[in-house]
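**Q** The following block contains the structure, expressed as structure tokens.
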Amino acid sequence: MVFLPDSADGLGVILLNSNADTHFSFTNALGMIATEQMKGIKIVMAEYPQACWIVALHHHVVEYPRAAKALSDRIGTALINGNWFVRQLQRFSDRVIVMHGHRHTDWIGKCADLLIVSAPSPVMEATDSLDTYFWIHTVGVGTDGRLSLLAPERISLPGQPNGDSA
């Protein structure tokens with residue numbers, strides 16, 4: 001799905017289906033970007049060569065650059081073809097930010113020059129009685145046309161005593 005920018009140098013959003021097309025019950029854990037989707041990204045970016053883009057998908061693009069606490073943090077969470085996907089987006093890295101979920105880990109970093117934002121999930125392993133939070137991200141475009149991520153705003157939500165809903 002593509003939300004086109006309002007102007008030639010505006011901001012657009014590309015939403016990808018990163019769930020691998022498989023035939024067993026572990027399907028949403030296996031992530032892959034189909035070549036057809038990558039072709040579509042290249043076509044739309046060629047039509048808007050000055051535009052900036054948020055590319056959103058479910059799966060983590062590549063493994064985090066730190067040791068995992070458990071093997072389950074590494075198995076089936078990153079795209080099967082994540083390195084290929086990063087190489088394909090590399091030439092657009094000055095005007096693309098990739099955002100994903102799936103790992104439910106709060107992390108912002110780069111793979112080569114590609115900026116990646118990993119969204120935590122405030123509902124994973126949480127109860128209504130625990131405090132939680134989410135981030136509001138703001139993006140900006142510099143005079144050089146480069147897309148950048150500004151300081152995020154953390155929104156904290158207090159837990160409800162005894163799990164009572166507000």
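Each chain in the structure tokens gets a letter, A, B, ..., in the order shown, and its residues are numbered from 1; ligands are numbered from 1 in order too.
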Per residue of segment 86-159 of chain A within 9 Å of segment 42-64 of chain A, record the nearest atom pair and its distance in Å to one decimal, counting only C-alpha atoms, with rows in chain order and ascending residue number, as a Markdown table.
**A**
```
| residue | atom | partner | partner_atom | distance |
| --- | --- | --- | --- | --- |
| A:Val86 | CA | A:Val61 | CA | 7.5 |
| A:Gln88 | CA | A:Lys42 | CA | 8.9 |
| A:Leu89 | CA | A:Lys42 | CA | 8.8 |
| A:Phe92 | CA | A:Met45 | CA | 8.6 |
| A:Asp94 | CA | A:Cys52 | CA | 8.3 |
| A:Arg95 | CA | A:Cys52 | CA | 4.6 |
| A:Val96 | CA | A:Trp53 | CA | 4.8 |
| A:Ile97 | CA | A:Ile54 | CA | 5.0 |
| A:Val98 | CA | A:Val55 | CA | 4.7 |
| A:Met99 | CA | A:Ala56 | CA | 4.8 |
| A:His100 | CA | A:Leu57 | CA | 5.0 |
| A:Gly101 | CA | A:His58 | CA | 5.1 |
| A:His102 | CA | A:His59 | CA | 5.1 |
| A:Arg103 | CA | A:His60 | CA | 6.6 |
| A:Trp107 | CA | A:Tyr64 | CA | 8.4 |
| A:Gly109 | CA | A:Tyr64 | CA | 8.7 |
| A:Cys111 | CA | A:Val62 | CA | 8.0 |
| A:Ile116 | CA | A:Val61 | CA | 8.1 |
| A:Ser118 | CA | A:His60 | CA | 7.2 |
| A:Val141 | CA | A:Cys52 | CA | 8.1 |
| A:Gly145 | CA | A:Gln50 | CA | 7.5 |
| A:Arg146 | CA | A:Cys52 | CA | 7.9 |
| A:Leu147 | CA | A:Cys52 | CA | 6.3 |
```
**Q** Looking only at the backbone, which of the residues in segment 2-163 of chain A does DSSP tag as strand (DSSP E), as a PyMOL selection string?
**A** chain A and resi 2-3+11-15+52-57+96-100+107-111+114-118+132-136+139-141+147-149+153-157
**Q** Write the residues you've just listed into a file as an mmCIF file, in the first residue's frame, and include C-alpha atoms for each of them.
**A**
```
data_model
loop_
_atom_site.group_PDB
_atom_site.id
_atom_site.type_symbol
_atom_site.label_atom_id
_atom_site.label_comp_id
_atom_site.auth_asym_id
_atom_site.auth_seq_id
_atom_site.Cartn_x
_atom_site.Cartn_y
_atom_site.Cartn_z
ATOM 1 C CA VAL A 2 1.264 3.452 -0.849
ATOM 2 C CA PHE A 3 0.173 6.820 0.522
ATOM 3 C CA LEU A 11 6.418 12.768 2.587
ATOM 4 C CA GLY A 12 4.854 9.475 1.524
ATOM 5 C CA VAL A 13 4.249 6.191 3.327
ATOM 6 C CA ILE A 14 4.819 2.719 1.929
ATOM 7 C CA LEU A 15 3.280 -0.160 3.883
ATOM 8 C CA CYS A 52 10.850 11.315 1.384
ATOM 9 C CA TRP A 53 9.339 8.054 2.594
ATOM 10 C CA ILE A 54 8.427 6.142 5.700
ATOM 11 C CA VAL A 55 8.608 2.444 4.851
ATOM 12 C CA ALA A 56 6.569 0.462 7.377
ATOM 13 C CA LEU A 57 6.534 -3.290 7.855
ATOM 14 C CA VAL A 96 13.833 6.824 3.813
ATOM 15 C CA ILE A 97 13.118 5.816 7.399
ATOM 16 C CA VAL A 98 12.106 2.199 7.985
ATOM 17 C CA MET A 99 9.689 1.542 10.868
ATOM 18 C CA HIS A 100 8.745 -1.903 12.138
ATOM 19 C CA TRP A 107 15.426 0.451 19.453
ATOM 20 C CA ILE A 108 16.486 3.133 16.968
ATOM 21 C CA GLY A 109 19.605 2.667 14.871
ATOM 22 C CA LYS A 110 21.132 2.326 11.438
ATOM 23 C CA CYS A 111 22.072 -0.546 9.192
ATOM 24 C CA LEU A 114 19.475 3.159 6.521
ATOM 25 C CA LEU A 115 17.678 4.540 9.599
ATOM 26 C CA ILE A 116 15.523 1.923 11.352
ATOM 27 C CA VAL A 117 12.966 2.538 14.109
ATOM 28 C CA SER A 118 11.783 -0.487 16.076
ATOM 29 C CA THR A 132 3.581 1.536 29.974
ATOM 30 C CA TYR A 133 4.563 4.018 27.266
ATOM 31 C CA PHE A 134 4.748 4.723 23.558
ATOM 32 C CA TRP A 135 6.679 7.181 21.381
ATOM 33 C CA ILE A 136 5.556 9.951 19.046
ATOM 34 C CA VAL A 139 10.479 13.623 11.048
ATOM 35 C CA GLY A 140 11.992 16.594 9.280
ATOM 36 C CA VAL A 141 13.650 17.369 5.983
ATOM 37 C CA LEU A 147 15.003 12.995 5.883
ATOM 38 C CA SER A 148 15.847 12.943 9.572
ATOM 39 C CA LEU A 149 14.284 11.720 12.770
ATOM 40 C CA GLU A 153 8.362 12.326 22.586
ATOM 41 C CA ARG A 154 7.696 9.594 25.155
ATOM 42 C CA ILE A 155 4.089 9.298 26.286
ATOM 43 C CA SER A 156 3.791 7.443 29.603
ATOM 44 C CA LEU A 157 0.574 5.753 30.668
#
```
**Q** How far is it from atom CA of Glu36 of chain A to atom CA of Asn17 of chain A, in Å with one decimal?
**A**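 Those two atoms sit 11.1 Å apart.
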**Q** Find the residues near Thr138 of chain A: any atom within 8 Å, counting only C-alpha atoms, skip ones fewer than 4 places away on the same chain, and give them as a PyMOL selection string.
**A** chain A and resi 149-152
**Q** Go ahead and save the residues from that selection, with N, CA and C atoms, as a compact mmCIF listing (two decimals), in the first residue's frame.
**A**
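And here's part-v4.txt as it stands now:
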```txt
# COMPACT_ATOMS: atom_id res chain seq x y z
N LEU A 149 15.16 12.00 11.64
CA LEU A 149 14.28 11.72 12.77
C LEU A 149 14.65 12.69 13.88
N LEU A 150 13.68 13.47 14.32
CA LEU A 150 13.91 14.42 15.41
C LEU A 150 13.75 13.69 16.74
N ALA A 151 14.03 14.36 17.83
CA ALA A 151 13.93 13.73 19.15
C ALA A 151 12.49 13.25 19.37
N PRO A 152 12.31 11.98 19.73
CA PRO A 152 10.95 11.48 19.94
C PRO A 152 10.37 11.96 21.27
```
**Q** For atom CA of Ala119 of chain A and atom CA of Thr105 of chain A, quote the distance in Å rounded to one decimal.
**A** 6.2 Å
